[in-house]
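K.L.:
The following block contains the structure, expressed as structure tokens.
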Amino acid sequence: MAQTKEKILQASIVMFNEYGIANVRLQHIADASGISVGNLAYHFKNKQTIIDYVYDHIFNEFSVILSDYLILDNFQGIDKTMSSYYFFFENYRFFFTNMFETERNHPHIMRRWHQYTNRMILQIESRIEFDIQRDAFLPLKNQRIKLLANNIWISIIFWLPQRVLRGLSCDEKNFKKALWAQMTPYLSNKGKEEFATYIHPAIA
Amino acid sequence: MDKNHNIDYTTYSWLLKNINQQVFSDSTNASLCDLNFIKEEAWLCDTAVINRVEKRNGTYLISLVFAHQKNPLKLLIRPITEMNCKKKAIMMSEIFKRQAAKDQRGTITIKEEKLNISLN
């Protein structure tokens, strides 16, 4: 039973990514999972329960990324988190394509997103403060830290959609390049050395 | 976050700050008086350990008596635990004694005359 649910979950994510939440019917999900609609209805009584189940899964994964805060105290830690965010947003692209629809039709899901994204910004702010403390970043005023964190967050969230809008390919390396470009002007000499040793060879 | 573990943003940012601080430990040197306990408790190295089981409030209280080998007035009683069964309490007290005693095999004996007690 757990296997079938997992199959339905994976098929739903694929279908949502491809056609958008509104355009997917239970029949499509059943076909993609290789089960009958009757069997699908046995596991999920309607489309809303599937959507809730998919979002629960997404939020759990997002929690795992958030819980990885400061596992590594050098720039490799930031780089690792960037990779996690990239794969997360790449796997669940339908979040962007359905953003306004989700806000309108599923306000409870949007409320949860607000909470997660606000925590994400707080983590970015806190990470910058940490790197200032360890002299890897230049000393910045609080206002500047908030602004920088906000810009980094915007880049993380909207990097993929802007590539899609411009018809460009998406890859992890370019994603990381874009994010590091936001931070490199604020690196101290120690930070620049660390960046040149650990990060630059990987993203150049 | 989920309903069951939802914390407000102020608490969350405070939590993150604390995680940050954990990396920067304040390495202050210890002062000499921090080691006073070694000097103060040094006499315990030369003590005989006696196990004591007494009935108190319906249970058997196990305590260890640390008596100095040369100065009979210097002793320390440490209550360890309580047990409901007398036999078990005695057995456990023996085990505790053997753990705590310097002479774990129990071959050293204390003779009364060696204590040099004045009966005057």
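Lettering and numbering for the structure tokens are positional, with chains as A, B, ... in the shown order, residues counted from 1 in each chain, and ligands counted from 1 in the shown order.
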Distance cut-off 10 Å, counting only C-alpha atoms - which residues of chain B neighbour chain A? Return them as a ChimeraX atom specification.
P.N.:
/B:1-3,6-10,12-21,23-24
K.L.:
Would you save the residues of that selection, restricted to C-alpha atoms, as a JSON list (two decimals), in the first residue's frame?
P.N.:
[["chain", "number", "residue", "atom", "x", "y", "z"],
["B", 1, "MET", "CA", 6.07, 25.08, 9.96],
["B", 2, "ASP", "CA", 3.78, 22.28, 11.05],
["B", 3, "LYS", "CA", 1.06, 23.00, 13.56],
["B", 6, "ASN", "CA", 5.46, 26.09, 15.16],
["B", 7, "ILE", "CA", 7.73, 28.74, 16.63],
["B", 8, "ASP", "CA", 7.54, 32.43, 15.96],
["B", 9, "TYR", "CA", 10.14, 34.22, 13.86],
["B", 10, "THR", "CA", 11.75, 36.06, 16.80],
["B", 12, "TYR", "CA", 13.63, 31.20, 15.39],
["B", 13, "SER", "CA", 16.13, 34.00, 14.70],
["B", 14, "TRP", "CA", 17.25, 33.83, 18.35],
["B", 15, "LEU", "CA", 17.75, 30.06, 17.88],
["B", 16, "LEU", "CA", 19.86, 30.64, 14.75],
["B", 17, "LYS", "CA", 21.98, 33.23, 16.58],
["B", 18, "ASN", "CA", 22.64, 30.69, 19.32],
["B", 19, "ILE", "CA", 23.69, 28.07, 16.77],
["B", 20, "ASN", "CA", 26.09, 30.66, 15.33],
["B", 21, "GLN", "CA", 27.52, 31.37, 18.78],
["B", 23, "VAL", "CA", 30.99, 27.74, 16.95],
["B", 24, "PHE", "CA", 32.72, 30.66, 18.64]]
K.L.:
With only C-alpha atoms as the counted atoms, please give the residues lying no more than 10 Å from Tyr92 in chain A, apart from itself and same-chain residues fewer than 5 positions off, as a VMD selection string.
P.N.:
chain A and resid 13 to 14 16 to 17 54 to 55 58 87 97
K.L.:
Create the file for the chosen residues now, containing N, CA and C atoms and written as an mmCIF file, in the first residue's frame.
P.N.:
data_model
loop_
_atom_site.group_PDB
_atom_site.id
_atom_site.type_symbol
_atom_site.label_atom_id
_atom_site.label_comp_id
_atom_site.auth_asym_id
_atom_site.auth_seq_id
_atom_site.Cartn_x
_atom_site.Cartn_y
_atom_site.Cartn_z
ATOM 1 N N ILE A 13 3.704 14.404 -8.944
ATOM 2 C CA ILE A 13 4.718 15.458 -9.061
ATOM 3 C C ILE A 13 5.102 15.656 -10.535
ATOM 4 N N VAL A 14 5.302 14.529 -11.232
ATOM 5 C CA VAL A 14 5.665 14.609 -12.659
ATOM 6 C C VAL A 14 4.563 15.308 -13.450
ATOM 7 N N PHE A 16 2.115 17.317 -12.321
ATOM 8 C CA PHE A 16 1.960 18.724 -11.921
ATOM 9 C C PHE A 16 3.040 19.578 -12.586
ATOM 10 N N ASN A 17 4.264 19.030 -12.620
ATOM 11 C CA ASN A 17 5.373 19.776 -13.240
ATOM 12 C C ASN A 17 5.114 19.993 -14.724
ATOM 13 N N VAL A 54 0.987 15.743 -1.634
ATOM 14 C CA VAL A 54 2.193 16.164 -2.366
ATOM 15 C C VAL A 54 2.871 17.318 -1.639
ATOM 16 N N TYR A 55 2.068 18.307 -1.209
ATOM 17 C CA TYR A 55 2.666 19.452 -0.514
ATOM 18 C C TYR A 55 3.265 19.058 0.840
ATOM 19 N N ILE A 58 6.557 17.793 0.025
ATOM 20 C CA ILE A 58 7.450 18.900 -0.342
ATOM 21 C C ILE A 58 7.926 19.639 0.916
ATOM 22 N N PHE A 87 18.199 21.634 -6.410
ATOM 23 C CA PHE A 87 17.514 20.383 -6.755
ATOM 24 C C PHE A 87 16.074 20.379 -6.258
ATOM 25 N N THR A 97 5.041 27.721 -11.285
ATOM 26 C CA THR A 97 4.054 27.877 -12.351
ATOM 27 C C THR A 97 2.646 28.003 -11.784
#
K.L.:
Show which residues sit within 12 Å of range 55-70 of chain B, as a PyMOL selection string. Count only C-alpha atoms, and ignore same-chain residues fewer than 4 positions away.
P.N.:
chain B and resi 41-51+74-102+108-117
K.L.:
Could you work out how far CA of Gln48 in chain A lies from CA of Gln27 in chain A, giving the answer in Å with one decimal?
P.N.:
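CA of Gln48 in chain A lies 14.2 Å from CA of Gln27 in chain A.
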K.L.:
Mind giving me the straight-line distance from CA of Phe158 in chain A to CA of Met110 in chain A in Å, one decimal?
P.N.:
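Distance reported for this atom pair: 16.8 Å.
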K.L.:
Apply DSSP to the backbone of this structure and, from range 9-42 of chain A, keep only the residues in alpha helix (DSSP H); write these as number ranges by chain.
P.N.:
A: 9-19, 26-33, 37-42
K.L.:
Using the chain letters and numbers from this document, which residues of chain B does DSSP assign to strand (DSSP E), as JSON, numbers by chain?
P.N.:
{"B": [47, 48, 49, 50, 51, 52, 53, 54, 55, 56, 59, 60, 61, 62, 63, 64, 65, 66, 67, 68, 75, 76, 77, 78, 79, 80, 81, 82, 83]}
K.L.:
Which residues are near Gln3 in chain A? Cut-off 12 Å, only C-alpha atoms, ignore same chain within fewer than 3 positions. Put them as a list of chain:residue names.
P.N.:
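Skipping anything fewer than 3 positions along the chain leaves A:Glu6, A:Lys7, A:Ile8, A:Leu9, A:Gln10, A:Ser33, A:Ile35, A:His43.
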K.L.:
What's the separation between CA of Thr117 in chain A and CA of Trp153 in chain A, in Å to one decimal place?
P.N.:
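One can read the CA of Thr117 in chain A to CA of Trp153 in chain A distance as 8.6 Å.
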K.L.:
What lies within 10 Å of Ile71 in chain A using only C-alpha atoms, ignoring chain neighbours under 6 positions off, as a PDB file with C-alpha atoms, in the first residue's frame?
P.N.:
ATOM      1  CA  GLY A  77      28.322  24.672   3.817  1.00  0.00           C
ATOM      2  CA  ILE A  78      26.734  27.543   1.860  1.00  0.00           C
ATOM      3  CA  LYS A  80      25.927  22.557  -0.192  1.00  0.00           C
ATOM      4  CA  THR A  81      22.759  24.404   0.824  1.00  0.00           C
TER       5      THR A  81
END
K.L.:
List the spatial neighbours of Leu187 in chain A as a CSV table (one decimal) with N, CA and C atoms, in the first residue's frame - criterion: any atom at most 12 Å away, only C-alpha atoms, same-chain residues fewer than 2 positions off excluded.
P.N.:
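Written out: selection_36.csv:
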chain,number,residue,atom,x,y,z
A,75,PHE,N,32.6,28.0,3.6
A,75,PHE,CA,31.8,28.3,2.4
A,75,PHE,C,31.2,27.0,1.8
A,128,ILE,N,24.9,35.0,7.0
A,128,ILE,CA,25.8,36.1,6.7
A,128,ILE,C,26.4,36.7,8.0
A,131,ASP,N,29.2,34.5,9.0
A,131,ASP,CA,30.4,34.7,8.2
A,131,ASP,C,31.1,36.0,8.5
A,132,ILE,N,30.3,37.0,8.9
A,132,ILE,CA,30.9,38.3,9.3
A,132,ILE,C,31.7,38.1,10.6
A,134,ARG,N,33.1,35.4,11.6
A,134,ARG,CA,34.3,34.6,11.5
A,134,ARG,C,35.3,35.3,10.4
A,135,ASP,N,35.0,36.6,10.1
A,135,ASP,CA,35.8,37.4,9.3
A,135,ASP,C,35.9,36.9,7.8
A,136,ALA,N,34.9,36.2,7.4
A,136,ALA,CA,34.9,35.8,6.0
A,136,ALA,C,34.2,36.8,5.1
A,137,PHE,N,33.3,37.6,5.7
A,137,PHE,CA,32.6,38.7,5.1
A,137,PHE,C,33.1,40.0,5.7
A,138,LEU,N,33.0,41.0,4.9
A,138,LEU,CA,33.3,42.4,5.4
A,138,LEU,C,32.3,42.8,6.4
A,139,PRO,N,32.6,43.6,7.4
A,139,PRO,CA,31.6,44.0,8.4
A,139,PRO,C,30.5,44.8,7.7
A,140,LEU,N,29.3,44.3,7.8
A,140,LEU,CA,28.1,45.0,7.2
A,140,LEU,C,27.1,45.5,8.2
A,180,TRP,N,26.6,33.2,-6.0
A,180,TRP,CA,27.9,33.6,-5.4
A,180,TRP,C,28.3,35.0,-5.9
A,181,ALA,N,27.8,35.4,-7.1
A,181,ALA,CA,28.0,36.7,-7.6
A,181,ALA,C,27.4,37.8,-6.7
A,182,GLN,N,26.3,37.4,-6.0
A,182,GLN,CA,25.7,38.3,-5.1
A,182,GLN,C,26.6,38.6,-3.9
A,183,MET,N,27.3,37.5,-3.5
A,183,MET,CA,28.1,37.6,-2.3
A,183,MET,C,29.5,38.0,-2.4
A,184,THR,N,30.1,37.7,-3.5
A,184,THR,CA,31.6,38.0,-3.7
A,184,THR,C,32.0,39.4,-3.4
A,185,PRO,N,31.2,40.5,-3.8
A,185,PRO,CA,31.6,41.8,-3.5
A,185,PRO,C,31.8,42.1,-2.0
A,189,ASN,N,39.3,39.5,2.8
A,189,ASN,CA,40.4,38.8,2.2
A,189,ASN,C,40.4,37.3,2.5
A,190,LYS,N,40.1,37.0,3.8
A,190,LYS,CA,40.0,35.6,4.2
A,190,LYS,C,38.9,34.9,3.4
A,191,GLY,N,37.8,35.6,3.2
A,191,GLY,CA,36.7,35.0,2.5
A,191,GLY,C,37.1,34.8,1.0
A,192,LYS,N,37.8,35.7,0.5
A,192,LYS,CA,38.2,35.6,-1.0
A,192,LYS,C,39.1,34.4,-1.1
A,193,GLU,N,40.0,34.2,-0.2
A,193,GLU,CA,41.0,33.1,-0.2
A,193,GLU,C,40.2,31.7,-0.2
A,194,GLU,N,39.2,31.7,0.8
A,194,GLU,CA,38.4,30.5,0.9
A,194,GLU,C,37.6,30.2,-0.3
A,195,PHE,N,37.1,31.3,-0.9
A,195,PHE,CA,36.3,31.2,-2.1
A,195,PHE,C,37.1,30.6,-3.3
A,196,ALA,N,38.4,31.2,-3.4
A,196,ALA,CA,39.3,30.8,-4.4
A,196,ALA,C,39.7,29.3,-4.3
